[in-house]
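Raw contents of query19.pdb, PDB, C-alpha atoms and all ligand atoms:
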```
ATOM      1  CA  MET N1404       5.151 -24.022 -12.350
ATOM      2  CA  GLU N1405       2.430 -22.698 -10.037
ATOM      3  CA  THR N1406      -0.797 -21.078 -11.203
ATOM      4  CA  VAL N1407      -2.732 -18.073  -9.892
ATOM      5  CA  LEU N1408      -6.508 -17.854 -10.363
ATOM      6  CA  VAL N1409      -7.450 -14.183 -10.748
ATOM      7  CA  VAL N1410     -11.001 -12.934 -10.102
ATOM      8  CA  GLY N1411     -11.736  -9.447 -11.416
ATOM      9  CA  SER N1412      -8.795 -10.044 -13.731
ATOM     10  CA  THR N1413      -9.713  -7.408 -16.321
ATOM     11  CA  GLY N1414      -9.833  -4.453 -13.890
ATOM     12  CA  ASN N1415      -7.103  -2.062 -12.773
ATOM     13  CA  ILE N1416      -6.108  -4.257  -9.841
ATOM     14  CA  GLY N1417      -6.738  -7.551 -11.646
ATOM     15  CA  ILE N1418      -4.325  -6.532 -14.402
ATOM     16  CA  ALA N1419      -1.701  -5.750 -11.738
ATOM     17  CA  ALA N1420      -2.334  -9.197 -10.237
ATOM     18  CA  VAL N1421      -1.861 -10.914 -13.598
ATOM     19  CA  ILE N1422       1.355  -8.981 -14.287
ATOM     20  CA  GLY N1423       2.639  -9.769 -10.770
ATOM     21  CA  ALA N1424       1.831 -13.452 -11.165
ATOM     22  CA  LEU N1425       3.608 -13.698 -14.539
ATOM     23  CA  ARG N1426       6.653 -11.834 -13.173
ATOM     24  CA  SER N1427       6.721 -14.323 -10.294
ATOM     25  CA  GLN N1428       7.031 -17.135 -12.873
ATOM     26  CA  CYS N1429       3.450 -18.318 -12.306
ATOM     27  CA  ASN N1430       0.849 -19.137 -14.919
ATOM     28  CA  VAL N1431      -2.551 -17.442 -14.714
ATOM     29  CA  ILE N1432      -6.157 -18.561 -15.002
ATOM     30  CA  ALA N1433      -8.062 -15.326 -15.567
ATOM     31  CA  ILE N1434     -11.830 -15.341 -15.103
ATOM     32  CA  VAL N1435     -13.408 -12.986 -17.629
ATOM     33  CA  ARG N1436     -17.016 -12.084 -18.305
ATOM     34  CA  ASN N1437     -16.754 -12.411 -22.092
ATOM     35  CA  GLN N1438     -14.331 -12.511 -25.009
ATOM     36  CA  ALA N1439     -14.183  -8.708 -25.269
ATOM     37  CA  SER N1440     -12.963  -8.589 -21.657
ATOM     38  CA  ALA N1441     -10.391 -11.290 -22.437
ATOM     39  CA  GLU N1442      -9.006  -9.204 -25.314
ATOM     40  CA  LYS N1443      -8.859  -6.144 -23.015
ATOM     41  CA  LEU N1444      -6.872  -8.229 -20.528
ATOM     42  CA  TYR N1445      -4.309  -9.392 -23.107
ATOM     43  CA  MET N1446      -3.933  -5.829 -24.364
ATOM     44  CA  HIS N1447      -3.280  -4.339 -20.903
ATOM     45  CA  VAL N1448      -0.970  -7.153 -19.789
ATOM     46  CA  GLY N1449       0.891  -7.044 -23.109
ATOM     47  CA  THR N1450       1.003 -10.798 -23.675
ATOM     48  CA  ARG N1451      -1.172 -13.909 -23.974
ATOM     49  CA  GLU N1452       1.620 -16.195 -22.877
ATOM     50  CA  GLY N1453       1.010 -18.001 -19.603
ATOM     51  CA  ILE N1454      -2.619 -16.834 -19.420
ATOM     52  CA  THR N1455      -5.646 -19.109 -19.725
ATOM     53  CA  THR N1456      -8.944 -17.233 -19.789
ATOM     54  CA  VAL N1457     -12.250 -18.764 -18.757
ATOM     55  CA  GLU N1458     -15.678 -17.157 -18.968
ATOM     56  CA  ALA N1459     -17.850 -17.089 -15.852
ATOM     57  CA  ASP N1460     -20.326 -14.773 -14.164
ATOM     58  CA  ILE N1461     -18.523 -13.812 -10.953
ATOM     59  CA  THR N1462     -21.638 -12.032  -9.642
ATOM     60  CA  SER N1463     -23.563 -15.307  -9.490
ATOM     61  CA  ASP N1464     -23.115 -17.586  -6.491
ATOM     62  CA  HIS N1465     -22.079 -20.522  -8.697
ATOM     63  CA  GLY N1466     -19.889 -18.644 -11.245
ATOM     64  CA  VAL N1467     -16.452 -19.228  -9.710
ATOM     65  CA  GLN N1468     -17.624 -22.626  -8.416
ATOM     66  CA  GLY N1469     -18.120 -23.654 -12.056
ATOM     67  CA  VAL N1470     -14.492 -22.731 -12.782
ATOM     68  CA  VAL N1471     -13.274 -24.787  -9.806
ATOM     69  CA  ASP N1472     -15.366 -27.711 -11.067
ATOM     70  CA  LEU N1473     -13.603 -27.458 -14.464
ATOM     71  CA  VAL N1474     -10.251 -27.550 -12.661
ATOM     72  CA  LYS N1475     -11.324 -30.621 -10.693
ATOM     73  CA  THR N1476     -12.269 -32.481 -13.866
ATOM     74  CA  GLY N1477      -8.950 -31.554 -15.494
ATOM     75  CA  LYS N1478     -10.470 -29.236 -18.129
ATOM     76  CA  LEU N1479      -8.505 -26.338 -16.628
ATOM     77  CA  PRO N1480      -5.072 -26.458 -14.984
ATOM     78  CA  ALA N1481      -4.753 -26.830 -11.211
ATOM     79  CA  PHE N1482      -4.140 -23.603  -9.286
ATOM     80  CA  GLN N1483      -2.322 -22.940  -6.019
ATOM     81  CA  HIS N1484      -3.030 -19.222  -5.511
ATOM     82  CA  VAL N1485      -6.036 -16.909  -5.753
ATOM     83  CA  TYR N1486      -6.079 -13.123  -6.153
ATOM     84  CA  SER N1487      -9.500 -11.534  -5.869
ATOM     85  CA  ALA N1488     -10.049  -7.940  -6.999
ATOM     86  CA  ALA N1489     -13.614  -7.903  -8.218
ATOM     87  CA  GLY N1490     -15.857  -4.877  -7.866
ATOM     88  CA  GLY N1491     -15.147  -1.340  -8.918
ATOM     89  CA  LEU N1492     -18.574   0.278  -8.448
ATOM     90  CA  TYR N1493     -17.845   3.762  -7.193
ATOM     91  CA  GLY N1494     -21.072   5.820  -7.253
ATOM     92  CA  ALA N1495     -21.816   8.815  -5.045
ATOM     93  CA  THR N1496     -25.462   8.270  -4.081
ATOM     94  CA  LEU N1497     -26.008   9.673  -0.588
ATOM     95  CA  LEU N1498     -26.531   7.161   2.221
ATOM     96  CA  HIS N1499     -30.113   8.289   2.865
ATOM     97  CA  GLU N1500     -30.933   8.164  -0.867
ATOM     98  CA  LEU N1501     -29.566   4.679  -1.494
ATOM     99  CA  ASP N1502     -32.509   2.538  -2.575
ATOM    100  CA  THR N1503     -32.657  -1.173  -1.878
ATOM    101  CA  GLU N1504     -31.919  -2.159  -5.469
ATOM    102  CA  GLU N1505     -28.766  -0.031  -5.634
ATOM    103  CA  LEU N1506     -27.594  -1.247  -2.220
ATOM    104  CA  HIS N1507     -28.007  -4.858  -3.359
ATOM    105  CA  GLN N1508     -26.150  -4.150  -6.594
ATOM    106  CA  TYR N1509     -23.183  -2.696  -4.664
ATOM    107  CA  MET N1510     -23.070  -5.542  -2.204
ATOM    108  CA  ASN N1511     -23.300  -8.039  -5.063
ATOM    109  CA  VAL N1512     -20.642  -6.539  -7.371
ATOM    110  CA  ASN N1513     -18.203  -5.151  -4.775
ATOM    111  CA  PHE N1514     -18.574  -7.685  -1.964
ATOM    112  CA  GLU N1515     -20.362 -10.917  -2.920
ATOM    113  CA  THR N1516     -18.122 -11.487  -5.951
ATOM    114  CA  ASN N1517     -15.090 -11.700  -3.638
ATOM    115  CA  PHE N1518     -16.992 -13.760  -1.065
ATOM    116  CA  PHE N1519     -18.272 -16.213  -3.707
ATOM    117  CA  ALA N1520     -14.688 -16.520  -4.976
ATOM    118  CA  TYR N1521     -13.437 -17.327  -1.475
ATOM    119  CA  ARG N1522     -16.212 -19.834  -0.790
ATOM    120  CA  ALA N1523     -15.620 -21.638  -4.085
ATOM    121  CA  THR N1524     -11.822 -21.740  -4.062
ATOM    122  CA  MET N1525     -10.798 -22.116  -0.424
ATOM    123  CA  PRO N1526     -12.109 -25.708   0.009
ATOM    124  CA  TYR N1527     -10.177 -26.681  -3.136
ATOM    125  CA  LEU N1528      -6.923 -25.103  -1.873
ATOM    126  CA  LEU N1529      -7.327 -26.701   1.556
ATOM    127  CA  GLU N1530      -7.976 -30.074  -0.055
ATOM    128  CA  GLN N1531      -4.882 -29.777  -2.272
ATOM    129  CA  ASN N1532      -2.891 -28.974   0.888
ATOM    130  CA  ASN N1533      -0.071 -27.318  -1.045
ATOM    131  CA  PRO N1534       2.091 -25.581   1.603
ATOM    132  CA  ASN N1535       2.818 -22.651  -0.755
ATOM    133  CA  SER N1536      -0.807 -21.676  -1.367
ATOM    134  CA  THR N1537      -1.926 -18.083  -0.960
ATOM    135  CA  TRP N1538      -5.195 -16.156  -1.144
ATOM    136  CA  THR N1539      -5.010 -12.383  -1.630
ATOM    137  CA  LEU N1540      -7.826  -9.822  -1.445
ATOM    138  CA  CYS N1541      -7.541  -6.175  -2.448
ATOM    139  CA  THR N1542      -9.548  -3.668  -0.407
ATOM    140  CA  GLY N1543      -9.494   0.123  -0.458
ATOM    141  CA  GLY N1544      -9.738   3.039   1.937
ATOM    142  CA  MET N1545     -13.342   4.010   1.174
ATOM    143  CA  GLY N1546     -14.734   1.982   4.073
ATOM    144  CA  ASP N1547     -12.669   4.044   6.510
ATOM    145  CA  LEU N1548     -13.023   7.379   4.747
ATOM    146  CA  GLY N1549     -16.790   7.152   4.336
ATOM    147  CA  THR N1550     -16.746   9.632   1.474
ATOM    148  CA  ARG N1551     -19.073   7.570  -0.769
ATOM    149  CA  ALA N1552     -21.839   5.571   0.847
ATOM    150  CA  ALA N1553     -22.281   2.395  -1.206
ATOM    151  CA  PRO N1554     -18.558   1.810  -1.961
ATOM    152  CA  ALA N1555     -17.826   2.417   1.751
ATOM    153  CA  LEU N1556     -20.448  -0.086   2.939
ATOM    154  CA  SER N1557     -19.151  -2.794   0.625
ATOM    155  CA  GLN N1558     -15.521  -2.107   1.638
ATOM    156  CA  GLY N1559     -16.538  -2.477   5.279
ATOM    157  CA  ALA N1560     -17.863  -5.952   4.538
ATOM    158  CA  LEU N1561     -14.577  -6.837   2.800
ATOM    159  CA  TYR N1562     -12.558  -5.747   5.866
ATOM    160  CA  SER N1563     -14.665  -8.075   8.012
ATOM    161  CA  MET N1564     -14.287 -10.898   5.497
ATOM    162  CA  SER N1565     -10.500 -10.401   5.669
ATOM    163  CA  ASN N1566     -10.524 -10.464   9.465
ATOM    164  CA  VAL N1567     -12.330 -13.793   9.443
ATOM    165  CA  ALA N1568     -10.202 -15.300   6.677
ATOM    166  CA  CYS N1569      -6.955 -14.169   8.346
ATOM    167  CA  ARG N1570      -8.033 -15.822  11.580
ATOM    168  CA  ASP N1571      -9.431 -18.982   9.951
ATOM    169  CA  ASN N1572      -6.259 -19.574   7.926
ATOM    170  CA  GLN N1573      -3.633 -18.784  10.514
ATOM    171  CA  ALA N1574      -2.663 -22.451  10.701
ATOM    172  CA  THR N1575      -3.824 -23.819   7.335
ATOM    173  CA  ASN N1576      -1.744 -24.381   4.196
ATOM    174  CA  VAL N1577      -3.175 -21.151   2.694
ATOM    175  CA  ARG N1578      -1.582 -17.775   3.464
ATOM    176  CA  PHE N1579      -4.487 -15.345   3.380
ATOM    177  CA  ASN N1580      -3.612 -11.628   3.150
ATOM    178  CA  GLU N1581      -5.453  -8.373   2.551
ATOM    179  CA  ILE N1582      -3.887  -5.605   0.498
ATOM    180  CA  TYR N1583      -5.307  -2.341   1.856
ATOM    181  CA  LEU N1584      -4.727   0.097  -0.974
ATOM    182  CA  THR N1585      -5.405   3.811  -0.575
ATOM    183  CA  LEU N1586      -3.526   4.907  -3.701
ATOM    184  CA  ARG N1587      -5.402   5.136  -7.006
ATOM    185  CA  VAL N1588      -4.082   2.437  -9.351
ATOM    186  CA  GLU N1589      -5.089   2.273 -13.015
ATOM    187  CA  VAL N1590      -4.111   0.187 -16.020
ATOM    188  CA  ASP N1591      -0.992   1.771 -17.520
ATOM    189  CA  GLU N1592      -2.737   3.226 -20.552
ATOM    190  CA  SER N1593      -5.083   5.164 -18.263
ATOM    191  CA  ALA N1594      -2.524   6.034 -15.546
ATOM    192  CA  GLU N1595      -0.271   7.590 -18.175
ATOM    193  CA  LYS N1596      -3.072  10.086 -18.900
ATOM    194  CA  THR N1597      -4.318  10.730 -15.349
ATOM    195  CA  GLY N1598      -1.023  10.634 -13.454
ATOM    196  CA  PHE N1599      -2.235   7.991 -11.000
ATOM    197  CA  PHE N1600      -0.251   4.845 -10.184
ATOM    198  CA  ARG N1601       0.376   2.249 -12.887
ATOM    199  CA  ALA N1602      -0.913  -1.298 -12.576
ATOM    200  CA  SER N1603       2.451  -2.578 -13.851
ATOM    201  CA  ALA N1604       4.152  -0.843 -10.892
ATOM    202  CA  PHE N1605       1.572  -2.007  -8.326
ATOM    203  CA  ALA N1606       2.246  -5.580  -9.529
ATOM    204  CA  ALA N1607       5.376  -5.469  -7.330
ATOM    205  CA  THR N1608       3.219  -5.693  -4.198
ATOM    206  CA  TYR N1609       1.841  -9.059  -5.307
ATOM    207  CA  CYS N1610       5.322 -10.309  -6.247
ATOM    208  CA  GLY N1611       6.406  -9.446  -2.703
ATOM    209  CA  ILE N1612       3.515 -11.337  -1.123
ATOM    210  CA  LEU N1613       4.111 -14.433  -3.237
ATOM    211  CA  ALA N1614       7.824 -14.406  -2.440
ATOM    212  CA  ARG N1615       7.613 -13.867   1.331
ATOM    213  CA  PRO N1616       6.128 -16.765   3.346
ATOM    214  CA  GLU N1617       6.329 -14.743   6.571
ATOM    215  CA  ILE N1618       3.479 -12.539   5.288
ATOM    216  CA  ARG N1619       0.499 -14.510   6.597
ATOM    217  CA  SER N1620      -2.858 -13.361   7.942
ATOM    218  CA  CYS N1621      -1.722  -9.774   7.433
ATOM    219  CA  ARG N1622      -3.023  -6.473   6.150
ATOM    220  CA  ILE N1623      -0.454  -5.032   3.747
ATOM    221  CA  SER N1624      -1.025  -1.269   3.671
ATOM    222  CA  VAL N1625      -0.169   0.514   0.438
ATOM    223  CA  CYS N1626      -0.702   4.198   1.161
ATOM    224  CA  GLU N1627       2.459   5.788  -0.285
ATOM    225  CA  LYS N1628       4.411   5.156  -3.484
ATOM    226  CA  GLU N1629       7.277   3.452  -1.626
ATOM    227  CA  ASP N1630       4.831   1.008   0.046
ATOM    228  CA  ILE N1631       4.311  -0.683  -3.332
ATOM    229  CA  LYS N1632       7.753  -2.299  -3.115
ATOM    230  CA  GLU N1633       8.693  -1.969   0.566
ATOM    231  CA  LEU N1634       5.818  -3.927   2.017
ATOM    232  CA  LYS N1635       4.297  -2.665   5.271
ATOM    233  CA  PHE N1636       2.390  -5.519   6.828
ATOM    234  CA  LYS N1637       0.790  -6.228  10.162
ATOM    235  CA  GLU N1638      -0.964  -9.323  11.426
ATOM    236  CA  LYS N1639      -4.699  -8.690  11.293
ATOM    237  CA  ARG N1640      -5.758 -10.758  14.255
ATOM    238  CA  CYS N1641      -7.438  -9.005  17.198
ATOM    239  CA  ASP N1642      -8.167 -11.044  20.292
ATOM    240  CA  MET N1643     -11.365 -10.233  22.097
ATOM    241  CA  VAL N1644     -11.061  -9.458  25.758
ATOM    242  CA  LEU N1645     -14.304  -9.711  27.727
ATOM    243  CA  LYS N1646     -13.914  -6.820  30.123
ATOM    244  CA  LYS N1647     -15.639  -6.812  33.462
ATOM    245  CA  ASP N1648     -16.974  -3.849  35.387
ATOM    246  CA  ASP N1649     -14.979  -4.149  38.569
TER     247      ASP N1649
HETATM  248  N1  LIG A1701      -8.114   0.864  -8.540
HETATM  249  C1  LIG A1701      -7.770   1.273  -7.368
HETATM  250  O1  LIG A1701      -6.978   2.212  -7.222
HETATM  251  C2  LIG A1701      -8.295   0.620  -6.124
HETATM  252  C3  LIG A1701      -7.868   1.127  -4.906
HETATM  253  C4  LIG A1701      -8.301   0.522  -3.753
HETATM  254  C5  LIG A1701      -9.136  -0.559  -3.811
HETATM  255  N2  LIG A1701      -9.559  -1.039  -5.007
HETATM  256  C6  LIG A1701     -10.498  -2.153  -4.971
HETATM  257  O2  LIG A1701     -10.116  -3.161  -5.873
HETATM  258  C7  LIG A1701     -11.269  -3.738  -6.478
HETATM  259  C8  LIG A1701     -11.155  -3.619  -7.999
HETATM  260  O3  LIG A1701     -10.973  -2.264  -8.357
HETATM  261  P1  LIG A1701     -10.604  -1.877  -9.856
HETATM  262  O4  LIG A1701     -10.183  -0.461  -9.854
HETATM  263  O5  LIG A1701      -9.693  -2.913 -10.421
HETATM  264  O6  LIG A1701     -12.024  -1.992 -10.535
HETATM  265  P2  LIG A1701     -12.354  -2.139 -12.098
HETATM  266  O7  LIG A1701     -11.209  -1.652 -12.899
HETATM  267  O8  LIG A1701     -13.695  -1.546 -12.297
HETATM  268  O9  LIG A1701     -12.412  -3.741 -12.293
HETATM  269  C9  LIG A1701     -13.417  -4.482 -11.705
HETATM  270  C10 LIG A1701     -13.342  -5.926 -12.128
HETATM  271  O10 LIG A1701     -14.564  -6.574 -11.724
HETATM  272  C11 LIG A1701     -15.255  -7.011 -12.912
HETATM  273  N3  LIG A1701     -16.687  -6.733 -12.796
HETATM  274  C12 LIG A1701     -17.269  -5.608 -12.306
HETATM  275  N4  LIG A1701     -18.614  -5.719 -12.407
HETATM  276  C13 LIG A1701     -18.861  -6.915 -12.985
HETATM  277  C14 LIG A1701     -20.041  -7.602 -13.363
HETATM  278  N5  LIG A1701     -21.254  -7.063 -13.159
HETATM  279  N6  LIG A1701     -19.927  -8.804 -13.935
HETATM  280  C15 LIG A1701     -18.714  -9.360 -14.140
HETATM  281  N7  LIG A1701     -17.548  -8.767 -13.807
HETATM  282  C16 LIG A1701     -17.632  -7.555 -13.234
HETATM  283  C17 LIG A1701     -14.680  -6.222 -14.055
HETATM  284  O11 LIG A1701     -14.897  -6.925 -15.274
HETATM  285  P3  LIG A1701     -14.980  -6.140 -16.693
HETATM  286  O12 LIG A1701     -13.584  -5.680 -16.978
HETATM  287  O13 LIG A1701     -15.467  -7.167 -17.634
HETATM  288  O14 LIG A1701     -15.904  -4.987 -16.487
HETATM  289  C18 LIG A1701     -13.223  -6.118 -13.630
HETATM  290  O15 LIG A1701     -12.561  -7.341 -13.885
HETATM  291  C19 LIG A1701     -12.476  -2.977  -5.896
HETATM  292  O16 LIG A1701     -13.000  -3.692  -4.790
HETATM  293  C20 LIG A1701     -11.878  -1.685  -5.433
HETATM  294  O17 LIG A1701     -12.594  -1.100  -4.356
HETATM  295  C21 LIG A1701      -9.158  -0.470  -6.162
END
```
Using the file provided, produce a representation of the structure as structure tokens.
Ligand SMILES: NC(=O)c1ccc[n+]([C@@H]2O[C@H](COP(=O)([O-])OP(=O)(O)OC[C@H]3O[C@@H](n4cnc5c(N)ncnc54)[C@H](OP(=O)(O)O)[C@@H]3O)[C@@H](O)[C@H]2O)c1
Amino acid sequence: METVLVVGSTGNIGIAAVIGALRSQCNVIAIVRNQASAEKLYMHVGTREGITTVEADITSDHGVQGVVDLVKTGKLPAFQHVYSAAGGLYGATLLHELDTEELHQYMNVNFETNFFAYRATMPYLLEQNNPNSTWTLCTGGMGDLGTRAAPALSQGALYSMSNVACRDNQATNVRFNEIYLTLRVEVDESAEKTGFFRASAFAATYCGILARPEIRSCRISVCEKEDIKELKFKEKRCDMVLKKDD
């Protein structure tokens, strides 16, 4: 049985990732910030079975690395897949009012968490050389919409990180993909009140990615309800052409 390491596991998207992993017959290592978060996770997923939780500070540059070190020493099970959905800061401070401290906080929580996760886990996955490995990142539409400054800036950095990771892993054993989600997804308990999309439904997108090896180095766009199950994906690579003024 394969195992998915989930970063940001207790959030709306992280819960969908855990549900998708379990439905795909995978076990889960869920990184949580504390025991209260772990209990929240079990409650939203509806089971403890197949889930190992481990506490780490994903905002620190050695938090996820510490988890990988535990895996390497056999204190945690080996993993073959990573799903990163950390972040969630969504404030509306205007661009020209964003002070340095707030900017750093956004880049740390919304961007660096996912980058630190990549930097800590990718060498491990490459070293294991399992041909089924995947790495999945969830981004949103804010970076294109530009409606909220700090969330938009941090999304922009995630798009660039995806571009690089898609290119770097085109020929490795790890299928890197970006889920570009413009729908609002919430844990079921919340979605039932607000009318937005349920995490348990959005889990289908991750099941699709895990099951389809042809989805590699792609952006999977989830912009309509039907996109959750009928995956719309496009290779992310763009080749640079050095134009000349002739
Ligand atoms: N939800 C959507 O509809 C949607 C749509 C498009 C894109 N996205 C993107 O998906 C990502 C996750 O969104 P979400 O809605 O799942 O967010 P969320 O519900 O707020 O979850 C964020 C996750 O990050 C963790 N986290 C946040 N700050 C932390 C901190 N300081 N220390 C430790 N852990 C921290 C949370 O842990 P705790 O539970 O312990 O707080 C949680 O696991 C974001 O990048 C977002 O832009 C989401």
Write out as a tab-separated table a residue-level contact list of chain N versus ligand LIG 1701 (chain A) with cut-off 6 Å: for each qualifying residue the closest pair of atoms and the distance in Å to one decimal, counting all atoms listed in the file, rows sorted by chain and residue number upward.
```
residue	atom	partner	partner_atom	distance
N:Gly1411	CA	A:LIG1701	O15	3.3
N:Ser1412	CA	A:LIG1701	O15	4.6
N:Thr1413	CA	A:LIG1701	O15	3.7
N:Gly1414	CA	A:LIG1701	O9	3.1
N:Asn1415	CA	A:LIG1701	O5	3.6
N:Ile1416	CA	A:LIG1701	O5	3.9
N:Gly1417	CA	A:LIG1701	O5	5.6
N:Arg1436	CA	A:LIG1701	O13	5.2
N:Ser1440	CA	A:LIG1701	O13	4.9
N:Asp1460	CA	A:LIG1701	C15	5.6
N:Ile1461	CA	A:LIG1701	C15	5.5
N:Thr1462	CA	A:LIG1701	N6	5.6
N:Ala1488	CA	A:LIG1701	C7	4.4
N:Ala1489	CA	A:LIG1701	O10	3.9
N:Gly1490	CA	A:LIG1701	C19	4.3
N:Gly1491	CA	A:LIG1701	O6	3.6
N:Val1512	CA	A:LIG1701	N4	5.5
N:Asn1513	CA	A:LIG1701	O16	5.4
N:Cys1541	CA	A:LIG1701	O2	5.2
N:Thr1542	CA	A:LIG1701	C5	4.6
N:Gly1543	CA	A:LIG1701	C5	3.4
N:Leu1584	CA	A:LIG1701	C4	4.5
N:Thr1585	CA	A:LIG1701	C4	5.4
N:Leu1586	CA	A:LIG1701	O1	5.6
N:Arg1587	CA	A:LIG1701	O1	3.3
N:Val1588	CA	A:LIG1701	O1	3.6
N:Glu1589	CA	A:LIG1701	N1	5.6
```
Please put the answer as lines of an AutoDock Vina configuration file: centre and edge lengths, in Å with one decimal, of a box along x, y and z that encloses all listed atoms of stretch 1455-1473 of chain N plus 6 Å on each side.
```
center_x = -14.6
center_y = -19.9
center_z = -13.1
size_x = 29.9
size_y = 27.7
size_z = 25.3
```
Counting all atoms listed in the file, the option among N:Gly1559, N:Ser1620, N:Ser1565, N:Val1590 closest to N:Ala1606:
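Selected residue with least distance to N:Ala1606: N:Val1590.
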For N:Asn1576, please output as an mmCIF file with C-alpha atoms, in the coordinates of the input all residues within 12 Å (counting all atoms listed in the file; exclusion window: fewer than 6 positions along the same chain).
```cif
data_model
loop_
_atom_site.group_PDB
_atom_site.id
_atom_site.type_symbol
_atom_site.label_atom_id
_atom_site.label_comp_id
_atom_site.auth_asym_id
_atom_site.auth_seq_id
_atom_site.Cartn_x
_atom_site.Cartn_y
_atom_site.Cartn_z
ATOM 1 C CA GLN N 1483 -2.322 -22.940 -6.019
ATOM 2 C CA HIS N 1484 -3.030 -19.222 -5.511
ATOM 3 C CA MET N 1525 -10.798 -22.116 -0.424
ATOM 4 C CA PRO N 1526 -12.109 -25.708 0.009
ATOM 5 C CA TYR N 1527 -10.177 -26.681 -3.136
ATOM 6 C CA LEU N 1528 -6.923 -25.103 -1.873
ATOM 7 C CA LEU N 1529 -7.327 -26.701 1.556
ATOM 8 C CA GLU N 1530 -7.976 -30.074 -0.055
ATOM 9 C CA GLN N 1531 -4.882 -29.777 -2.272
ATOM 10 C CA ASN N 1532 -2.891 -28.974 0.888
ATOM 11 C CA ASN N 1533 -0.071 -27.318 -1.045
ATOM 12 C CA PRO N 1534 2.091 -25.581 1.603
ATOM 13 C CA ASN N 1535 2.818 -22.651 -0.755
ATOM 14 C CA SER N 1536 -0.807 -21.676 -1.367
ATOM 15 C CA THR N 1537 -1.926 -18.083 -0.960
ATOM 16 C CA TRP N 1538 -5.195 -16.156 -1.144
ATOM 17 C CA PRO N 1616 6.128 -16.765 3.346
ATOM 18 C CA ARG N 1619 0.499 -14.510 6.597
ATOM 19 C CA SER N 1620 -2.858 -13.361 7.942
#
```
If the PyMOL selection byres (((chain N and resi 1450) around 12) and not hetatm) is run on the structure shown, which residues does it catch, given as a list of chain:residue names?
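Against this file, the PyMOL selection byres (((chain N and resi 1450) around 12) and not hetatm) returns the residues N:Ile1418, N:Val1421, N:Ile1422, N:Leu1425, N:Arg1426, N:Val1431, N:Ala1441, N:Glu1442, N:Lys1443, N:Leu1444, N:Tyr1445, N:Met1446, N:His1447, N:Val1448, N:Gly1449, N:Arg1451, N:Glu1452, N:Gly1453, N:Ile1454, N:Thr1455.
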For the selection you just gave me, I'd like the residues written to a file as a PDB file, in the frame of the given file, keeping C-alpha atoms.
```pdb
ATOM      1  CA  ILE N1418      -4.325  -6.532 -14.402  1.00  0.00           C
ATOM      2  CA  VAL N1421      -1.861 -10.914 -13.598  1.00  0.00           C
ATOM      3  CA  ILE N1422       1.355  -8.981 -14.287  1.00  0.00           C
ATOM      4  CA  LEU N1425       3.608 -13.698 -14.539  1.00  0.00           C
ATOM      5  CA  ARG N1426       6.653 -11.834 -13.173  1.00  0.00           C
ATOM      6  CA  VAL N1431      -2.551 -17.442 -14.714  1.00  0.00           C
ATOM      7  CA  ALA N1441     -10.391 -11.290 -22.437  1.00  0.00           C
ATOM      8  CA  GLU N1442      -9.006  -9.204 -25.314  1.00  0.00           C
ATOM      9  CA  LYS N1443      -8.859  -6.144 -23.015  1.00  0.00           C
ATOM     10  CA  LEU N1444      -6.872  -8.229 -20.528  1.00  0.00           C
ATOM     11  CA  TYR N1445      -4.309  -9.392 -23.107  1.00  0.00           C
ATOM     12  CA  MET N1446      -3.933  -5.829 -24.364  1.00  0.00           C
ATOM     13  CA  HIS N1447      -3.280  -4.339 -20.903  1.00  0.00           C
ATOM     14  CA  VAL N1448      -0.970  -7.153 -19.789  1.00  0.00           C
ATOM     15  CA  GLY N1449       0.891  -7.044 -23.109  1.00  0.00           C
ATOM     16  CA  ARG N1451      -1.172 -13.909 -23.974  1.00  0.00           C
ATOM     17  CA  GLU N1452       1.620 -16.195 -22.877  1.00  0.00           C
ATOM     18  CA  GLY N1453       1.010 -18.001 -19.603  1.00  0.00           C
ATOM     19  CA  ILE N1454      -2.619 -16.834 -19.420  1.00  0.00           C
ATOM     20  CA  THR N1455      -5.646 -19.109 -19.725  1.00  0.00           C
TER      21      THR N1455
END
```
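One distance worth recording is that between atom CA of N:Ala1607 and atom CA of N:Ala1553, which is 29.4 Å.
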Expected answer as a tab-separated table (two decimals) with C-alpha atoms, in the frame of the given file: all residues with atoms within 12 Å of (-9.0, -14.4, 6.5), only C-alpha atoms:
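Contents of the output file result12.tsv:
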```tsv
chain	number	residue	atom	x	y	z
N	1518	PHE	CA	-16.99	-13.76	-1.06
N	1521	TYR	CA	-13.44	-17.33	-1.48
N	1522	ARG	CA	-16.21	-19.83	-0.79
N	1525	MET	CA	-10.80	-22.12	-0.42
N	1537	THR	CA	-1.93	-18.08	-0.96
N	1538	TRP	CA	-5.20	-16.16	-1.14
N	1539	THR	CA	-5.01	-12.38	-1.63
N	1540	LEU	CA	-7.83	-9.82	-1.44
N	1561	LEU	CA	-14.58	-6.84	2.80
N	1562	TYR	CA	-12.56	-5.75	5.87
N	1563	SER	CA	-14.66	-8.07	8.01
N	1564	MET	CA	-14.29	-10.90	5.50
N	1565	SER	CA	-10.50	-10.40	5.67
N	1566	ASN	CA	-10.52	-10.46	9.46
N	1567	VAL	CA	-12.33	-13.79	9.44
N	1568	ALA	CA	-10.20	-15.30	6.68
N	1569	CYS	CA	-6.96	-14.17	8.35
N	1570	ARG	CA	-8.03	-15.82	11.58
N	1571	ASP	CA	-9.43	-18.98	9.95
N	1572	ASN	CA	-6.26	-19.57	7.93
N	1573	GLN	CA	-3.63	-18.78	10.51
N	1574	ALA	CA	-2.66	-22.45	10.70
N	1575	THR	CA	-3.82	-23.82	7.34
N	1577	VAL	CA	-3.18	-21.15	2.69
N	1578	ARG	CA	-1.58	-17.77	3.46
N	1579	PHE	CA	-4.49	-15.34	3.38
N	1580	ASN	CA	-3.61	-11.63	3.15
N	1581	GLU	CA	-5.45	-8.37	2.55
N	1582	ILE	CA	-3.89	-5.60	0.50
N	1619	ARG	CA	0.50	-14.51	6.60
N	1620	SER	CA	-2.86	-13.36	7.94
N	1621	CYS	CA	-1.72	-9.77	7.43
N	1622	ARG	CA	-3.02	-6.47	6.15
N	1638	GLU	CA	-0.96	-9.32	11.43
N	1639	LYS	CA	-4.70	-8.69	11.29
N	1640	ARG	CA	-5.76	-10.76	14.26
```
